[in-house]
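Novice: work-v4.cif is the file, holding mmCIF, C-alpha atoms:
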```
data_protein
#
loop_
_atom_site.label_atom_id
_atom_site.label_comp_id
_atom_site.auth_asym_id
_atom_site.auth_seq_id
_atom_site.Cartn_x
_atom_site.Cartn_y
_atom_site.Cartn_z
CA MET B 20 65.48 -3.27 93.87
CA ASP B 21 68.99 -2.58 92.55
CA MET B 22 68.83 -2.42 88.74
CA GLN B 23 72.06 -4.41 88.48
CA ILE B 24 70.40 -7.26 90.31
CA ALA B 25 67.34 -6.92 88.07
CA GLU B 26 69.54 -7.07 84.98
CA ARG B 27 71.32 -10.10 86.43
CA LEU B 28 67.99 -11.86 86.95
CA VAL B 29 67.12 -11.21 83.30
CA ALA B 30 70.50 -12.49 82.13
CA ARG B 31 70.29 -15.65 84.26
CA ARG B 32 66.77 -16.43 83.07
CA LYS B 33 67.62 -15.99 79.40
CA ALA B 34 70.85 -17.94 79.76
CA ALA B 35 68.83 -20.81 81.23
CA GLY B 36 66.39 -20.61 78.31
CA TYR B 37 63.29 -19.74 80.32
CA SER B 38 60.54 -17.36 79.27
CA GLN B 39 58.96 -15.22 81.96
CA GLU B 40 55.86 -17.42 81.76
CA ALA B 41 57.85 -20.64 82.14
CA LEU B 42 59.86 -19.27 85.07
CA ALA B 43 56.69 -18.06 86.78
CA ALA B 44 55.20 -21.53 86.39
CA GLU B 45 58.31 -23.13 87.92
CA LEU B 46 58.21 -20.80 90.92
CA GLY B 47 54.44 -20.77 91.35
CA VAL B 48 54.17 -17.00 90.95
CA SER B 49 52.55 -14.78 88.33
CA ARG B 50 54.33 -13.68 85.19
CA GLN B 51 53.70 -10.08 86.28
CA ALA B 52 55.74 -10.73 89.43
CA VAL B 53 58.69 -11.98 87.38
CA SER B 54 58.34 -8.96 85.10
CA LYS B 55 58.45 -6.58 88.09
CA TRP B 56 61.59 -8.28 89.44
CA GLU B 57 63.32 -7.83 86.10
CA ARG B 58 62.26 -4.19 85.81
CA GLY B 59 63.50 -3.43 89.31
CA GLU B 60 60.02 -2.56 90.55
CA ALA B 61 59.94 -5.33 93.16
CA SER B 62 62.28 -7.85 94.79
CA PRO B 63 61.87 -11.63 95.07
CA ASP B 64 61.39 -12.80 98.62
CA THR B 65 63.96 -15.09 100.26
CA ASP B 66 62.17 -18.29 99.25
CA ASN B 67 62.01 -17.23 95.62
CA LEU B 68 65.67 -16.15 95.63
CA ILE B 69 66.67 -19.58 96.94
CA ALA B 70 64.45 -21.24 94.34
CA LEU B 71 65.97 -19.11 91.56
CA ALA B 72 69.51 -19.93 92.64
CA GLY B 73 68.70 -23.62 92.73
CA LEU B 74 66.97 -23.47 89.36
CA TYR B 75 69.97 -21.76 87.74
CA GLY B 76 72.53 -23.89 89.55
CA VAL B 77 74.29 -20.95 91.27
CA THR B 78 74.74 -19.69 94.81
CA LEU B 79 72.80 -16.78 96.24
CA ASP B 80 75.96 -14.66 96.15
CA GLU B 81 76.44 -15.44 92.47
CA LEU B 82 72.80 -14.66 91.76
CA LEU B 83 72.81 -11.33 93.60
CA PHE B 84 76.41 -10.14 93.27
CA GLY B 85 77.94 -12.23 90.49
CA LYS B 86 78.81 -11.23 86.94
CA ALA B 87 76.08 -9.58 84.88
CA SER B 88 76.69 -12.03 82.05
CA PRO B 89 76.55 -15.48 83.64
CA ASP B 90 78.65 -18.38 82.49
CA PRO B 91 76.33 -20.53 80.35
CA LYS B 92 77.55 -23.68 82.12
CA ASP B 93 76.80 -22.19 85.55
CA ALA B 94 73.40 -21.00 84.41
CA GLY B 95 72.44 -24.37 83.02
CA GLU B 96 72.15 -23.06 79.48
CA LYS B 97 71.23 -25.79 77.07
CA ASP B 98 72.90 -24.09 74.10
CA GLU B 99 76.68 -23.94 74.66
CA ASN B 100 77.13 -21.23 72.04
CA PRO B 101 76.13 -17.91 73.69
CA ALA B 102 76.06 -16.14 70.29
CA LYS B 103 73.40 -18.48 69.00
CA SER B 104 69.69 -17.83 69.29
CA GLN B 105 67.80 -20.03 71.74
CA VAL B 106 64.51 -21.63 70.76
CA ARG B 107 62.27 -23.59 73.11
CA ILE B 108 59.07 -25.24 71.92
CA SER B 109 56.75 -27.22 74.15
CA LEU B 110 53.05 -27.83 74.60
CA ARG B 111 53.09 -26.31 78.09
CA GLU B 112 55.31 -23.28 77.47
CA GLY B 113 54.52 -22.60 73.81
CA ILE B 114 57.19 -21.10 71.58
CA HIS B 115 60.00 -19.08 73.16
CA VAL B 116 62.84 -17.41 71.24
CA VAL B 117 65.75 -15.37 72.61
CA ASP B 118 68.32 -13.88 70.24
CA PRO B 119 71.91 -12.86 71.10
CA LYS B 120 70.91 -9.18 71.32
CA GLY B 121 68.62 -9.89 74.25
CA GLU B 122 65.37 -9.62 72.32
CA GLU B 123 62.72 -12.11 73.36
CA VAL B 124 59.50 -13.43 71.85
CA HIS B 125 57.13 -15.79 73.63
CA MET B 126 53.87 -17.19 72.26
CA GLY B 127 51.87 -19.44 74.53
CA TRP B 128 48.63 -20.04 76.39
CA ASN B 129 49.08 -16.74 78.22
CA GLY B 130 49.20 -14.71 75.01
CA ILE B 131 52.13 -13.12 73.23
CA HIS B 132 55.01 -11.38 74.99
CA VAL B 133 57.73 -9.44 73.15
CA SER B 134 60.63 -7.51 74.68
CA ASP B 135 63.69 -5.86 73.15
CA ALA B 136 67.19 -5.14 74.42
CA GLU B 137 66.14 -1.66 75.59
CA GLY B 138 63.47 -3.06 77.90
CA ASN B 139 60.42 -2.20 75.79
CA THR B 140 57.66 -4.77 76.15
CA VAL B 141 54.48 -5.68 74.28
CA GLU B 142 52.00 -8.15 75.75
CA SER B 143 48.72 -9.32 74.23
CA ASP B 144 45.78 -10.44 76.32
CA PRO B 145 45.12 -14.19 75.85
CA GLU B 146 41.37 -13.52 75.85
CA GLY B 147 41.64 -10.82 73.19
CA GLU B 148 40.89 -7.97 75.59
CA GLY B 149 43.57 -5.59 74.39
CA VAL B 150 47.31 -5.17 74.52
CA THR B 151 49.81 -3.81 77.06
CA ILE B 152 52.78 -1.79 75.76
CA ASN B 153 55.49 -0.80 78.26
CA GLY B 154 53.04 -1.21 81.12
CA THR B 155 50.21 0.81 79.55
CA HIS B 156 47.05 -1.11 78.66
CA TYR B 157 45.07 -0.39 75.49
CA ASP B 158 41.70 -1.85 74.63
CA SER B 159 42.82 -2.82 71.11
CA TRP B 160 45.81 -2.72 68.78
CA HIS B 161 44.07 0.03 66.85
CA ASP B 162 43.75 2.17 69.99
CA ALA B 163 47.41 1.53 70.81
CA HIS B 164 48.57 2.62 67.37
CA GLU B 165 46.42 5.75 67.51
CA GLU B 166 47.59 6.71 71.01
CA LEU B 167 51.24 6.14 70.13
CA GLY B 168 50.97 7.95 66.80
CA HIS B 169 51.72 4.90 64.67
CA ASP B 170 50.42 4.46 61.15
CA LEU B 171 48.76 1.05 60.96
CA LYS B 172 49.75 0.47 57.34
CA GLY B 173 53.08 2.26 57.40
CA LYS B 174 51.94 4.81 54.81
CA SER B 175 53.42 8.24 54.32
CA ASP B 176 51.33 11.40 54.62
CA PHE B 177 51.31 11.60 50.83
CA ARG B 178 49.95 8.05 50.52
CA ARG B 179 47.24 8.69 53.10
CA ARG B 180 46.11 11.82 51.25
CA TRP B 181 46.31 10.03 47.91
CA ASP B 182 44.25 7.06 49.13
CA ALA B 183 41.74 9.35 50.85
CA PHE B 184 40.77 10.95 47.55
CA PRO B 185 37.46 9.37 46.34
CA PHE B 186 38.87 8.29 42.99
CA PRO B 187 36.59 5.21 42.64
CA ALA B 188 33.54 7.49 42.97
CA LEU B 189 34.99 9.75 40.28
CA VAL B 190 35.45 6.77 37.94
CA LEU B 191 31.88 5.65 38.61
CA VAL B 192 30.58 9.08 37.62
CA ALA B 193 32.74 8.97 34.48
CA TYR B 194 31.40 5.51 33.62
CA LEU B 195 27.79 6.66 33.93
CA ALA B 196 28.50 9.78 31.88
CA VAL B 197 30.21 7.86 29.06
CA GLY B 198 27.53 5.19 29.12
CA TRP B 199 24.66 7.66 28.87
CA ALA B 200 26.43 9.78 26.24
CA THR B 201 27.58 6.97 23.93
CA GLY B 202 25.45 3.99 24.86
CA GLN B 203 28.66 1.92 25.07
CA TRP B 204 28.08 0.57 28.55
CA VAL B 205 30.24 -2.52 28.09
CA ALA B 206 33.12 -0.61 26.52
CA ALA B 207 32.91 1.99 29.29
CA LEU B 208 33.75 -0.75 31.79
CA LEU B 209 37.36 -0.29 30.72
CA LEU B 210 37.35 2.80 32.90
CA GLY B 211 37.26 0.43 35.87
CA PHE B 212 40.92 -0.42 35.28
CA LEU B 213 41.77 3.13 36.26
CA VAL B 214 40.86 2.44 39.90
CA PRO B 215 43.60 -0.11 40.74
CA LEU B 216 45.98 1.78 38.45
CA TYR B 217 45.38 4.92 40.53
CA TYR B 218 46.52 3.17 43.72
CA VAL B 219 49.52 1.60 41.98
CA VAL B 220 50.63 5.06 40.87
CA GLY B 221 50.09 6.40 44.40
CA ALA B 222 52.25 3.63 45.87
CA ALA B 223 55.03 4.38 43.40
CA LEU B 224 54.92 8.13 44.04
CA GLY B 225 54.64 7.53 47.78
CA GLY B 226 58.01 5.84 47.99
CA GLU B 227 57.89 2.40 46.42
CA GLY B 228 59.70 3.66 43.33
CA PRO B 229 59.32 3.66 39.53
CA PHE B 230 60.10 -0.02 39.09
CA SER B 231 57.19 -0.99 41.34
CA LEU B 232 54.98 1.22 39.19
CA VAL B 233 55.75 -0.84 36.08
CA SER B 234 55.48 -4.23 37.78
CA GLY B 235 52.20 -3.20 39.42
CA ALA B 236 50.66 -1.49 36.40
CA TRP B 237 51.63 -3.95 33.67
CA PRO B 238 49.15 -6.72 34.66
CA LEU B 239 46.37 -4.11 34.65
CA LEU B 240 47.40 -2.66 31.29
CA ALA B 241 47.77 -6.12 29.74
CA THR B 242 44.31 -7.15 30.93
CA ALA B 243 42.81 -3.86 29.73
CA TYR B 244 44.44 -4.36 26.31
CA TYR B 245 43.02 -7.89 26.07
CA VAL B 246 39.49 -6.70 26.95
CA TRP B 247 39.79 -3.76 24.53
CA GLN B 248 40.85 -6.05 21.69
CA GLY B 249 38.00 -8.40 22.49
CA ILE B 250 35.26 -5.79 22.79
CA PHE B 251 36.15 -3.61 19.82
CA PHE B 252 37.79 -6.08 17.44
CA ASP B 253 36.50 -9.48 18.60
CA ARG B 254 40.06 -10.74 19.03
CA TRP B 255 39.50 -12.72 22.18
CA GLY B 256 41.38 -15.70 20.82
CA SER B 257 44.33 -13.90 19.26
CA ALA B 258 44.96 -11.33 21.98
CA TRP B 259 45.48 -13.74 24.86
CA PRO B 260 49.32 -14.07 24.40
CA VAL B 261 49.61 -10.63 26.01
CA PHE B 262 49.15 -12.42 29.35
CA LEU B 263 52.41 -14.29 28.76
CA THR B 264 54.27 -11.03 29.11
CA ILE B 265 53.00 -10.41 32.65
CA PRO B 266 55.34 -12.76 34.57
CA LEU B 267 58.31 -11.72 32.43
CA VAL B 268 57.77 -8.01 33.00
CA CYS B 269 57.00 -8.40 36.71
CA ILE B 270 60.04 -10.59 37.38
CA ALA B 271 62.31 -8.24 35.44
CA PHE B 272 61.14 -5.07 37.16
CA ASP B 273 60.94 -6.66 40.61
CA SER B 274 64.58 -7.66 40.18
CA LEU B 275 65.47 -4.14 39.09
CA ASP B 276 63.62 -2.76 42.10
CA LYS B 277 65.56 -5.00 44.52
CA TRP B 278 68.84 -4.07 42.82
CA TRP B 279 68.03 -0.37 43.06
CA ARG B 280 67.05 -0.53 46.73
CA HIS B 281 70.17 -2.53 47.56
CA ARG B 282 72.31 0.01 45.72
CA LYS B 283 70.68 2.90 47.57
#
```
Would you write out, as structure tokens, the structure that this file holds?
Specialist:
Amino acid sequence: MDMQIAERLVARRKAAGYSQEALAAELGVSRQAVSKWERGEASPDTDNLIALAGLYGVTLDELLFGKASPDPKDAGEKDENPAKSQVRISLREGIHVVDPKGEEVHMGWNGIHVSDAEGNTVESDPEGEGVTINGTHYDSWHDAHEELGHDLKGKSDFRRRWDAFPFPALVLVAYLAVGWATGQWVAALLLGFLVPLYYVVGAALGGEGPFSLVSGAWPLLATAYYVWQGIFFDRWGSAWPVFLTIPLVCIAFDSLDKWWRHRK
């Protein structure tokens, strides 16, 4: 089918506020059929063309040869402001959102469907049997990310190498060594604070910045200081005010981090 007609079908549907699922239900066809029409891989038959024209309130000539960007009034658009996002929520259709850029998100009984202005699509299986990305089916999201070369957690190569290092095992060995050498098993537990601190440092070095290092490390250091004061000096009651500094430091450095990122 002519791609201009396919694009016109997409524009008319979105202007009318229908998701592919909702339109398919109105016409009594599958959502895959509607998707093929809009990708230019197939053409609606005469009956469906007549039904589409009637549904959108236009003639067949307007549907097939009219303007690519339909008049909202002709298309039966419920939102008179074309620059405003459209949101439809119903028990039958689910949640459907279309933004002015042509991006579309639909969540309903038939799963989740997402498409962008460039025509890329992501569809989840309603029964949890995988995901389809741009027409290619994957058995799971994990398989899709691996096949497409995506990093599931958005980490850099440095962060992946940093996190792959068995630092917790190293700390455990250090704890056993200190415990056996000094007999201070309880005091040696302070080494455990090095584990989360290690990952906080890795996140900062991996791109999150120096301010995130302080806001992430300070709660750990404050807690370690409190435990150290309690174990070695029995100051459990007098050392607790150190915890009052945690929200102040975190708020201050989080604000600095946002300011720095905005400046960059």
Novice: One decimal, in Å: what's the spacing between atom CA of Leu267 of chain B and atom CA of Ala241 of chain B?
Specialist: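 We find that atom CA of Leu267 of chain B and atom CA of Ala241 of chain B lie 12.2 Å from each other.
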Novice: Going by the chain IDs and residue numbers used in this file, which residues fall under the PyMOL selection byres ((chain B and resi 24) around 8)? Write them as a VMD selection string.
Specialist: chain B and resid 20 to 23 25 to 28 59 82 to 84
Novice: Taking only C-alpha atoms into account, name the residue in B:Asp162, B:Glu45, B:Glu81, B:Asp118 that is nearest to Val133 of chain B.
Specialist: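 Among the listed residues, B:Asp118 lies closest to Val133 of chain B.
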Novice: Step by step, work through what the PyMOL selection byres ((chain B and resi 131) around 6) selects in the shown file, and finish by giving those residues as a PyMOL selection string.
Specialist: chain B and resi 125-126+130+132+142-143
Novice: Could you expand the PyMOL selection byres ((chain B and resi 187-190) around 8) into the explicit residues it covers here, written as a ChimeraX atom specification?
Specialist: /B:185-186,191-194,210-211,213-214
Novice: Closest to Ala41 of chain B among B:Asn67, B:Ala183, B:Ile114, B:Thr78, using all atoms listed in the file?
Specialist: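 Looking only at the distances to Ala41 of chain B, the closest residue turns out to be B:Ile114.
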Novice: Between atom CA of Asn139 of chain B and atom CA of Val124 of chain B, measure the distance and give it in Å to one decimal.
Specialist: 11.9 Å
Novice: Is it possible to get the residues within 12 Å of (50.2, 3.5, 39.7) (coordinates as in the file, counting all atoms listed in the file) written as a ChimeraX atom specification?
Specialist: /B:178,181-182,212-240
